[in-house]
file query-v3.tsv (TSV, C-alpha atoms and all ligand atoms)
chain	number	residue	atom	x	y	z
A	2	MET	CA	0.00	0.00	0.00
A	3	ASP	CA	1.21	3.51	-0.86
A	4	TYR	CA	0.90	5.23	2.52
A	5	GLN	CA	2.07	8.64	1.33
A	6	LYS	CA	-0.64	8.67	-1.35
A	7	PHE	CA	-3.25	7.55	1.22
A	8	ILE	CA	-2.13	10.33	3.60
A	9	GLU	CA	-2.45	12.98	0.89
A	10	GLU	CA	-5.87	11.71	-0.18
A	11	GLN	CA	-7.20	11.72	3.37
A	12	ILE	CA	-5.82	15.19	4.08
A	13	ASP	CA	-7.57	16.46	0.93
A	14	GLU	CA	-10.81	14.77	1.92
A	15	ILE	CA	-10.75	16.26	5.41
A	16	ARG	CA	-10.02	19.73	4.00
A	17	ASN	CA	-12.79	19.45	1.40
A	18	ALA	CA	-15.33	18.32	3.98
A	19	VAL	CA	-14.52	20.81	6.74
A	20	LYS	CA	-13.74	23.74	4.39
A	21	ASP	CA	-13.23	26.77	6.65
A	22	GLY	CA	-15.17	25.23	9.56
A	23	LEU	CA	-14.02	23.71	12.82
A	24	ALA	CA	-13.55	20.05	13.69
A	25	LEU	CA	-13.15	18.17	16.94
A	26	ASN	CA	-11.49	14.88	17.67
A	27	ALA	CA	-11.04	12.75	20.74
A	28	LEU	CA	-7.64	11.26	21.32
A	29	SER	CA	-7.43	8.15	23.46
A	30	GLY	CA	-3.73	7.52	22.91
A	31	GLY	CA	-4.27	4.34	20.90
A	32	VAL	CA	-2.80	4.04	17.43
A	33	ASP	CA	-6.13	4.72	15.61
A	34	SER	CA	-7.02	7.99	17.31
A	35	SER	CA	-3.35	9.06	17.30
A	36	VAL	CA	-3.13	8.64	13.52
A	37	VAL	CA	-6.41	10.54	13.06
A	38	THR	CA	-5.09	13.34	15.28
A	39	VAL	CA	-1.94	13.76	13.19
A	40	LEU	CA	-3.82	13.54	9.87
A	41	GLY	CA	-6.38	16.06	11.13
A	42	HIS	CA	-3.74	18.48	12.32
A	43	ARG	CA	-1.90	18.25	9.02
A	44	ALA	CA	-5.17	18.96	7.21
A	45	LEU	CA	-6.64	21.65	9.45
A	46	GLY	CA	-3.96	23.01	11.80
A	47	ASN	CA	-5.56	24.86	14.67
A	48	ARG	CA	-9.06	24.46	13.16
A	49	LEU	CA	-8.96	20.99	14.68
A	50	LYS	CA	-9.46	20.89	18.42
A	51	THR	CA	-8.19	17.66	19.96
A	52	VAL	CA	-9.49	16.61	23.35
A	53	PHE	CA	-8.58	13.81	25.68
A	54	ILE	CA	-11.72	12.81	27.55
A	55	ASP	CA	-11.10	11.38	30.98
A	56	THR	CA	-13.97	8.91	31.23
A	57	ALA	CA	-12.84	7.36	34.55
A	58	LEU	CA	-12.47	4.19	32.50
A	59	MET	CA	-8.84	4.75	31.46
A	60	ARG	CA	-5.77	2.77	32.35
A	61	GLU	CA	-3.35	3.84	35.06
A	62	GLY	CA	-1.50	7.08	34.25
A	63	GLU	CA	-3.14	7.29	30.80
A	64	PRO	CA	-4.19	10.97	30.69
A	65	GLU	CA	-0.72	12.17	31.73
A	66	ARG	CA	1.04	9.83	29.30
A	67	VAL	CA	-1.06	10.85	26.28
A	68	LEU	CA	-0.85	14.59	26.96
A	69	ARG	CA	2.95	14.34	27.34
A	70	THR	CA	3.41	12.34	24.12
A	71	PHE	CA	1.39	14.80	22.04
A	72	SER	CA	2.93	17.82	23.65
A	73	ASN	CA	6.28	16.39	22.48
A	74	LEU	CA	4.82	16.19	18.95
A	75	GLY	CA	3.76	19.84	19.12
A	76	ILE	CA	0.03	19.02	19.02
A	77	PRO	CA	-2.05	20.70	21.74
A	78	VAL	CA	-4.54	18.43	23.49
A	79	GLU	CA	-7.14	19.60	25.97
A	80	LEU	CA	-8.05	17.38	28.93
A	81	VAL	CA	-11.80	17.13	29.54
A	82	ASP	CA	-12.84	15.69	32.89
A	83	ALA	CA	-16.04	13.68	32.31
A	84	ARG	CA	-15.47	11.04	35.00
A	85	ARG	CA	-18.65	11.75	36.92
A	86	GLU	CA	-20.83	11.68	33.81
A	87	PHE	CA	-19.57	8.26	32.70
A	88	LEU	CA	-19.80	6.72	36.18
A	89	ASP	CA	-23.35	8.02	36.58
A	90	ALA	CA	-24.38	6.72	33.15
A	91	LEU	CA	-23.01	3.25	33.95
A	92	LYS	CA	-24.52	3.04	37.41
A	93	GLY	CA	-26.65	-0.06	37.92
A	94	LEU	CA	-26.04	-1.45	34.41
A	95	THR	CA	-24.90	-5.05	34.01
A	96	ASP	CA	-25.95	-5.99	30.48
A	97	PRO	CA	-23.00	-5.70	28.02
A	98	GLU	CA	-24.98	-3.93	25.31
A	99	GLU	CA	-26.57	-1.52	27.77
A	100	LYS	CA	-23.12	-0.69	29.14
A	101	ARG	CA	-21.74	-0.11	25.66
A	102	ASN	CA	-24.78	1.97	24.81
A	103	ALA	CA	-24.31	4.09	27.95
A	104	VAL	CA	-20.68	4.77	27.02
A	105	THR	CA	-21.69	5.65	23.44
A	106	ARG	CA	-24.42	8.04	24.55
A	107	THR	CA	-22.29	9.70	27.19
A	108	PHE	CA	-19.41	10.09	24.78
A	109	TYR	CA	-21.23	11.31	21.70
A	110	GLN	CA	-24.32	12.96	23.10
A	111	THR	CA	-23.48	14.34	26.53
A	112	VAL	CA	-19.79	15.18	26.28
A	113	PHE	CA	-19.36	15.76	22.55
A	114	GLY	CA	-22.72	17.48	22.31
A	115	ARG	CA	-21.51	19.95	24.93
A	116	LEU	CA	-18.12	20.46	23.25
A	117	VAL	CA	-19.84	21.02	19.92
A	118	ARG	CA	-22.09	23.68	21.43
A	119	GLN	CA	-19.15	25.32	23.18
A	120	THR	CA	-16.85	25.39	20.15
A	121	GLY	CA	-19.24	25.60	17.20
A	122	ALA	CA	-17.50	22.61	15.57
A	123	ARG	CA	-19.59	20.79	12.97
A	124	PHE	CA	-17.29	17.86	12.31
A	125	LEU	CA	-15.96	15.03	14.38
A	126	LEU	CA	-12.90	13.15	13.17
A	127	HIS	CA	-13.01	9.57	14.28
A	128	GLY	CA	-10.61	6.61	14.18
A	129	THR	CA	-13.13	3.91	13.19
A	130	ILE	CA	-11.43	1.06	11.33
A	131	LEU	CA	-12.82	-1.55	8.95
A	132	THR	CA	-12.91	-4.35	11.54
A	133	ASP	CA	-15.08	-2.21	13.85
A	134	ILE	CA	-17.58	-1.68	11.05
A	135	GLU	CA	-17.66	-5.31	9.91
A	136	GLU	CA	-18.20	-6.72	13.40
A	137	THR	CA	-20.85	-4.19	14.27
A	138	VAL	CA	-22.74	-4.70	11.02
A	139	ALA	CA	-22.47	-8.48	11.47
A	140	GLY	CA	-24.12	-8.03	14.86
A	141	ILE	CA	-21.21	-9.63	16.72
A	142	LYS	CA	-20.91	-6.54	18.84
A	143	ARG	CA	-21.99	-2.98	19.08
A	144	GLN	CA	-18.72	-1.08	18.86
A	145	HIS	CA	-18.97	2.16	20.73
A	146	ASN	CA	-17.58	4.20	17.86
A	147	ILE	CA	-19.96	3.19	15.11
A	148	LEU	CA	-22.88	5.45	14.48
A	149	ALA	CA	-23.95	5.67	10.84
A	150	GLN	CA	-23.43	1.94	10.36
A	151	ILE	CA	-25.96	1.14	13.06
A	152	GLY	CA	-28.49	3.65	11.79
A	153	ILE	CA	-27.75	6.61	14.06
A	154	ASP	CA	-27.55	9.88	12.14
A	155	PRO	CA	-25.09	11.93	14.20
A	156	GLU	CA	-26.01	15.15	12.40
A	157	LYS	CA	-29.65	14.77	13.33
A	158	GLU	CA	-29.14	13.30	16.79
A	159	TYR	CA	-26.02	15.07	18.00
A	160	GLY	CA	-25.53	18.03	15.64
A	161	TYR	CA	-22.25	17.10	13.94
A	162	ARG	CA	-20.94	15.09	11.00
A	163	VAL	CA	-18.51	12.24	11.56
A	164	LEU	CA	-15.46	11.84	9.30
A	165	GLU	CA	-13.70	8.47	9.43
A	166	PRO	CA	-10.44	8.61	7.46
A	167	LEU	CA	-9.31	5.09	8.56
A	168	LYS	CA	-12.50	3.24	7.75
A	169	THR	CA	-10.94	1.28	4.86
A	170	LEU	CA	-7.98	0.05	6.91
A	171	ARG	CA	-7.40	-2.73	9.38
A	172	LYS	CA	-5.07	-2.57	12.38
A	173	ASP	CA	-1.97	-3.56	10.41
A	174	GLY	CA	-2.73	-0.82	7.84
A	175	VAL	CA	-3.15	1.77	10.60
A	176	ARG	CA	0.21	0.80	12.09
A	177	GLY	CA	1.82	1.18	8.64
A	178	LEU	CA	0.24	4.60	8.36
A	179	ALA	CA	1.47	5.57	11.84
A	180	LYS	CA	4.99	4.67	10.75
A	181	ALA	CA	4.65	6.70	7.54
A	182	LEU	CA	3.50	9.66	9.68
A	183	ASN	CA	6.62	9.29	11.88
A	184	LEU	CA	4.66	8.67	15.05
A	185	PRO	CA	6.74	7.48	18.03
A	186	GLU	CA	7.36	3.73	18.27
A	187	GLU	CA	5.44	3.47	21.57
A	188	ILE	CA	2.27	4.60	19.75
A	189	ILE	CA	2.83	2.44	16.67
A	190	ARG	CA	3.29	-0.64	18.83
A	191	ARG	CA	0.53	0.13	21.34
A	192	ILE	CA	-1.74	-2.88	21.76
A	193	PRO	CA	-5.42	-2.40	20.89
A	194	PHE	CA	-7.66	-1.13	23.65
A	195	PRO	CA	-11.43	-1.00	23.28
A	196	GLY	CA	-13.41	2.23	23.03
A	197	PRO	CA	-15.48	1.50	26.16
A	198	ALA	CA	-12.09	1.07	27.86
A	199	LEU	CA	-12.09	-0.64	31.26
A	200	ALA	CA	-15.91	-0.83	31.16
A	201	ALA	CA	-15.33	-3.60	28.60
A	202	ARG	CA	-13.05	-5.38	31.07
A	203	ILE	CA	-15.61	-5.63	33.87
A	204	VAL	CA	-18.34	-8.24	33.71
A	205	GLY	CA	-21.29	-6.81	35.62
A	206	GLU	CA	-21.64	-3.36	37.11
A	207	VAL	CA	-18.93	-0.74	36.63
A	208	THR	CA	-18.17	1.01	39.92
A	209	GLU	CA	-15.19	3.03	41.07
A	210	GLU	CA	-14.08	0.17	43.34
A	211	ARG	CA	-14.32	-2.43	40.58
A	212	LEU	CA	-12.54	-0.08	38.15
A	213	SER	CA	-9.73	0.29	40.64
A	214	VAL	CA	-9.28	-3.51	40.82
A	215	VAL	CA	-9.28	-4.06	37.06
A	216	ARG	CA	-7.01	-1.04	36.54
A	217	LYS	CA	-4.39	-2.54	38.85
A	218	ALA	CA	-4.67	-5.95	37.18
A	219	THR	CA	-4.37	-4.33	33.74
A	220	ALA	CA	-1.20	-2.51	34.76
A	221	ILE	CA	0.34	-5.79	35.98
A	222	VAL	CA	-0.60	-7.71	32.82
A	223	GLU	CA	0.62	-4.95	30.51
A	224	GLU	CA	3.91	-4.65	32.37
A	225	GLU	CA	4.53	-8.40	32.51
A	226	LEU	CA	3.61	-9.10	28.89
A	227	GLN	CA	5.01	-6.06	27.10
A	228	ASP	CA	8.01	-8.07	25.89
A	229	THR	CA	5.92	-10.77	24.27
A	230	LYS	CA	5.15	-10.12	20.63
A	231	ALA	CA	1.47	-10.75	21.33
A	232	PHE	CA	-1.23	-8.79	19.48
A	233	GLN	CA	-3.12	-8.01	22.69
A	234	TYR	CA	-3.15	-8.87	26.39
A	235	LEU	CA	-5.66	-7.89	28.99
A	236	ALA	CA	-7.20	-8.47	32.41
A	237	VAL	CA	-10.91	-8.92	33.06
A	238	LEU	CA	-12.80	-8.74	36.34
A	239	LEU	CA	-15.50	-11.38	36.54
A	240	ASN	CA	-18.87	-10.83	38.15
A	241	ASP	CA	-18.49	-13.90	40.30
A	242	ARG	CA	-16.69	-14.65	43.49
A	243	ALA	CA	-14.77	-17.58	44.85
A	244	THR	CA	-13.66	-18.72	48.25
A	245	GLY	CA	-10.00	-18.35	49.08
A	246	VAL	CA	-7.73	-18.17	52.10
A	247	VAL	CA	-6.04	-14.87	52.73
A	248	GLU	CA	-3.84	-14.41	55.79
A	249	GLY	CA	-5.33	-17.53	57.35
A	250	LYS	CA	-8.92	-16.38	56.90
A	251	ARG	CA	-11.57	-17.52	54.43
A	252	GLN	CA	-12.38	-14.83	51.93
A	253	PHE	CA	-15.11	-14.74	49.30
A	254	GLY	CA	-12.98	-12.84	46.82
A	255	GLN	CA	-12.83	-11.51	43.29
A	256	ILE	CA	-11.65	-13.32	40.18
A	257	ILE	CA	-9.44	-11.89	37.45
A	258	VAL	CA	-9.03	-13.51	34.03
A	259	VAL	CA	-5.87	-12.90	32.03
A	260	ARG	CA	-5.98	-13.12	28.26
A	261	CYS	CA	-3.06	-12.98	25.82
A	262	ILE	CA	-3.71	-13.49	22.12
A	263	GLN	CA	-2.00	-13.58	18.77
A	264	SER	CA	-3.84	-12.13	15.78
A	265	VAL	CA	-3.39	-10.15	12.58
A	266	ASP	CA	-6.46	-7.97	12.81
A	267	ALA	CA	-8.56	-9.32	15.72
A	268	ARG	CA	-11.04	-11.06	13.43
A	269	GLU	CA	-9.59	-14.36	14.58
A	270	ALA	CA	-7.22	-14.96	17.45
A	271	THR	CA	-5.17	-17.75	18.97
A	272	VAL	CA	-4.00	-17.97	22.55
A	273	VAL	CA	-0.31	-17.41	23.30
A	274	GLU	CA	1.47	-20.26	25.11
A	275	LEU	CA	3.05	-18.25	27.87
A	276	PRO	CA	5.79	-19.85	29.98
A	277	TRP	CA	4.51	-21.31	33.28
A	278	GLU	CA	6.94	-19.15	35.19
A	279	LYS	CA	5.48	-16.01	33.64
A	280	LEU	CA	1.93	-17.16	34.35
A	281	HIS	CA	2.79	-17.91	37.97
A	282	ARG	CA	4.40	-14.51	38.38
A	283	ILE	CA	1.33	-12.77	36.96
A	284	CYS	CA	-0.93	-14.88	39.19
A	285	ARG	CA	1.12	-14.00	42.29
A	286	ARG	CA	1.01	-10.30	41.52
A	287	ILE	CA	-2.69	-10.23	40.63
A	288	THR	CA	-3.74	-12.13	43.74
A	289	SER	CA	-1.83	-9.53	45.77
A	290	ILE	CA	-4.43	-6.95	44.72
A	291	GLU	CA	-6.70	-6.42	47.69
A	292	GLY	CA	-9.90	-8.46	47.43
A	293	VAL	CA	-8.66	-10.68	44.57
A	294	ASN	CA	-7.94	-14.31	45.43
A	295	ARG	CA	-8.06	-16.03	42.06
A	296	CYS	CA	-6.38	-15.51	38.71
A	297	LEU	CA	-7.30	-17.57	35.64
A	298	TYR	CA	-5.68	-17.80	32.19
A	299	ASP	CA	-8.18	-17.95	29.32
A	300	LEU	CA	-7.35	-20.65	26.75
A	301	THR	CA	-10.19	-19.85	24.34
A	302	PRO	CA	-9.38	-18.76	20.79
A	303	LYS	CA	-11.60	-16.46	18.71
A	304	PRO	CA	-13.94	-17.95	17.61
A	305	PRO	CA	-15.75	-19.16	19.65
A	306	ALA	CA	-14.76	-16.45	22.17
A	307	THR	CA	-14.37	-12.79	21.30
A	308	VAL	CA	-11.29	-10.95	22.54
A	309	GLU	CA	-13.17	-8.86	25.09
A	310	TYR	CA	-15.69	-10.18	27.62
A	311	ILE	CA	-18.51	-7.74	27.03
A	401	LIG	P1	-13.74	-8.56	20.13
A	401	LIG	O1	-13.98	-8.55	21.59
A	401	LIG	O2	-14.92	-8.07	19.34
A	401	LIG	O3	-12.60	-7.51	19.86
A	401	LIG	O4	-13.23	-9.88	19.60
A	401	LIG	C1	-11.93	-7.37	18.62
A	401	LIG	C2	-10.95	-6.22	18.75
A	401	LIG	O5	-11.66	-4.99	18.86
A	401	LIG	C3	-11.38	-4.37	20.10
A	401	LIG	N1	-12.65	-3.80	20.56
A	401	LIG	C4	-13.00	-2.53	20.37
A	401	LIG	N2	-12.36	-1.48	19.82
A	401	LIG	N3	-14.20	-0.09	20.28
A	401	LIG	C5	-12.96	-0.26	19.79
A	401	LIG	O6	-12.37	0.70	19.30
A	401	LIG	C6	-14.92	-1.07	20.86
A	401	LIG	O7	-16.04	-0.88	21.30
A	401	LIG	C7	-14.28	-2.36	20.90
A	401	LIG	N4	-14.68	-3.57	21.37
A	401	LIG	C8	-13.67	-4.44	21.15
A	401	LIG	C9	-10.83	-5.46	21.00
A	401	LIG	O8	-10.01	-4.94	22.02
A	401	LIG	C10	-10.10	-6.32	20.01
A	401	LIG	O9	-8.82	-5.81	19.69
call {"tool": "encode", "arguments": {"input": "query-v3.tsv", "output": "structure tokens", "more": "lines below"}}
Ligand code: XMP
result
Amino acid sequence: MDYQKFIEEQIDEIRNAVKDGLALNALSGGVDSSVVTVLGHRALGNRLKTVFIDTALMREGEPERVLRTFSNLGIPVELVDARREFLDALKGLTDPEEKRNAVTRTFYQTVFGRLVRQTGARFLLHGTILTDIEETVAGIKRQHNILAQIGIDPEKEYGYRVLEPLKTLRKDGVRGLAKALNLPEEIIRRIPFPGPALAARIVGEVTEERLSVVRKATAIVEEELQDTKAFQYLAVLLNDRATGVVEGKRQFGQIIVVRCIQSVDAREATVVELPWEKLHRICRRITSIEGVNRCLYDLTPKPPATVEYI
């Protein structure tokens, strides 16, 4: 694929669509939204406002890390604190689709709606990729970042038009593009992370306490497995409990599942055969998190399982 040609075409398309208007985009720090941010800034300069929305569902240290990386690239990013809004919207919800829906609505309607009114922007640049569209259309999952494909007209419902410059690419194509745009290696190699963030890593209700547990487990898994060449690795908090013995006392504690997969584009995935020693180390560290007394390794490929649990 000729990445330079693709870059020029997308820059032209963004310019032609936005004309002399204003556009907004949300940066999560993943490779998709990072590439869109750089393309958008090349196309529009300061007529693109990039925001990092703190949803309360992010990984440890994420807001600081993303703002620092983009500040080093000379791209200004504004931090928007929407933690309360997301936690309130997720309160009491346990059904996966309802949780995804709550994140979508809060993101696009509540938070973006407000930013659109405040800034007068009429366009939203979004990092949707082909796999997101295919899986959503196939009904495998409602991806949080798909609107038009599931029959929501963002212009009518939220007051802005969505531009998706990466919608013909898969993950490998986006990484190639990131390289062609000279993005830092840490962004190019960043493992995929779902739009609903840690809400997709909690089976059952999302609460601050449960987020704190899965956030700690995620940090351990990401640190321990960063040297593997795996496509993706993650930790999931189950909605079940199990009896364990902690400091000589019986405890009905929480269960974390660890998943580490190999894949080209997440349409299919196989499980990585991690060394026992590594698995034991991860298990020891995860069961040191307060309230967690079991750690499981998921051996299920995709299909029949999906990568995420909700
Ligand atoms: P599943 O769980 O469907 O995941 O096998 C396939 C790939 O997509 C990621 N994923 C998402 N990415 N928004 C995203 O941007 C989402 O809502 C979403 N859900 C899943 C997942 O991490 C995996 O890489």
call {"tool": "residues_near_ligand", "arguments": {"input": "query-v3.tsv", "ligand": "ligand LIG 401 (chain A)", "cutoff": "10 Å", "atoms": "all atoms listed in the file", "output": "ChimeraX atom specification"}}
result
/A:29,31,33-34,101-102,104-105,128-130,132-134,136-137,141-147,172,192-198,200-202,232-235,262,264-270,302-311
call {"tool": "axis_aligned_box", "arguments": {"input": "query-v3.tsv", "around": "stretch 165-172 of chain A", "padding_each_side": "5 Å", "output": "JSON"}}
result
{"center_x": -9.4, "center_y": 2.9, "center_z": 8.6, "size_x": 18.6, "size_y": 21.3, "size_z": 17.5}
call {"tool": "residues_around", "arguments": {"input": "query-v3.tsv", "residues": "A:His127", "least_positions_apart": "6", "cutoff": "10 Å", "atoms": "all atoms listed in the file", "output": "ChimeraX atom specification"}}
result
/A:25-28,33-34,36-38,41,146-147,163-168
call {"tool": "atom_distance", "arguments": {"input": "query-v3.tsv", "atom1": "atom CA of A:Ala139", "atom2": "atom CA of A:Glu98"}}
result
14.8 Å
call {"tool": "closest_residue", "arguments": {"input": "query-v3.tsv", "among": "A:Thr107, A:Ser213, A:Thr169, A:Thr120", "to": "A:Arg48", "atoms": "all atoms listed in the file"}}
result
A:Thr120
call {"tool": "closest_residue", "arguments": {"input": "query-v3.tsv", "among": "A:Ala236, A:Ala122, A:Val67, A:Ile76", "to": "A:Gly22", "atoms": "only C-alpha atoms"}}
result
A:Ala122
call {"tool": "residues_around", "arguments": {"input": "query-v3.tsv", "residues": "A:Glu274", "least_positions_apart": "6", "cutoff": "12 Å", "atoms": "all atoms listed in the file", "output": "number ranges by chain"}}
result
A: 226, 229-231, 260-263, 280, 298-302
call {"tool": "write_last_selection", "arguments": {"input": "query-v3.tsv", "atoms": "C-alpha atoms", "output": "PDB file, keeping the file's coordinate frame"}}
result
ATOM      1  CA  LEU A 226       3.610  -9.100  28.890  1.00  0.00           C
ATOM      2  CA  THR A 229       5.920 -10.770  24.270  1.00  0.00           C
ATOM      3  CA  LYS A 230       5.150 -10.120  20.630  1.00  0.00           C
ATOM      4  CA  ALA A 231       1.470 -10.750  21.330  1.00  0.00           C
ATOM      5  CA  ARG A 260      -5.980 -13.120  28.260  1.00  0.00           C
ATOM      6  CA  CYS A 261      -3.060 -12.980  25.820  1.00  0.00           C
ATOM      7  CA  ILE A 262      -3.710 -13.490  22.120  1.00  0.00           C
ATOM      8  CA  GLN A 263      -2.000 -13.580  18.770  1.00  0.00           C
ATOM      9  CA  LEU A 280       1.930 -17.160  34.350  1.00  0.00           C
ATOM     10  CA  TYR A 298      -5.680 -17.800  32.190  1.00  0.00           C
ATOM     11  CA  ASP A 299      -8.180 -17.950  29.320  1.00  0.00           C
ATOM     12  CA  LEU A 300      -7.350 -20.650  26.750  1.00  0.00           C
ATOM     13  CA  THR A 301     -10.190 -19.850  24.340  1.00  0.00           C
ATOM     14  CA  PRO A 302      -9.380 -18.760  20.790  1.00  0.00           C
TER      15      PRO A 302
END
call {"tool": "atom_distance", "arguments": {"input": "query-v3.tsv", "atom1": "atom CA of A:Leu238", "atom2": "atom CA of A:Val214"}}
result
7.7 Å
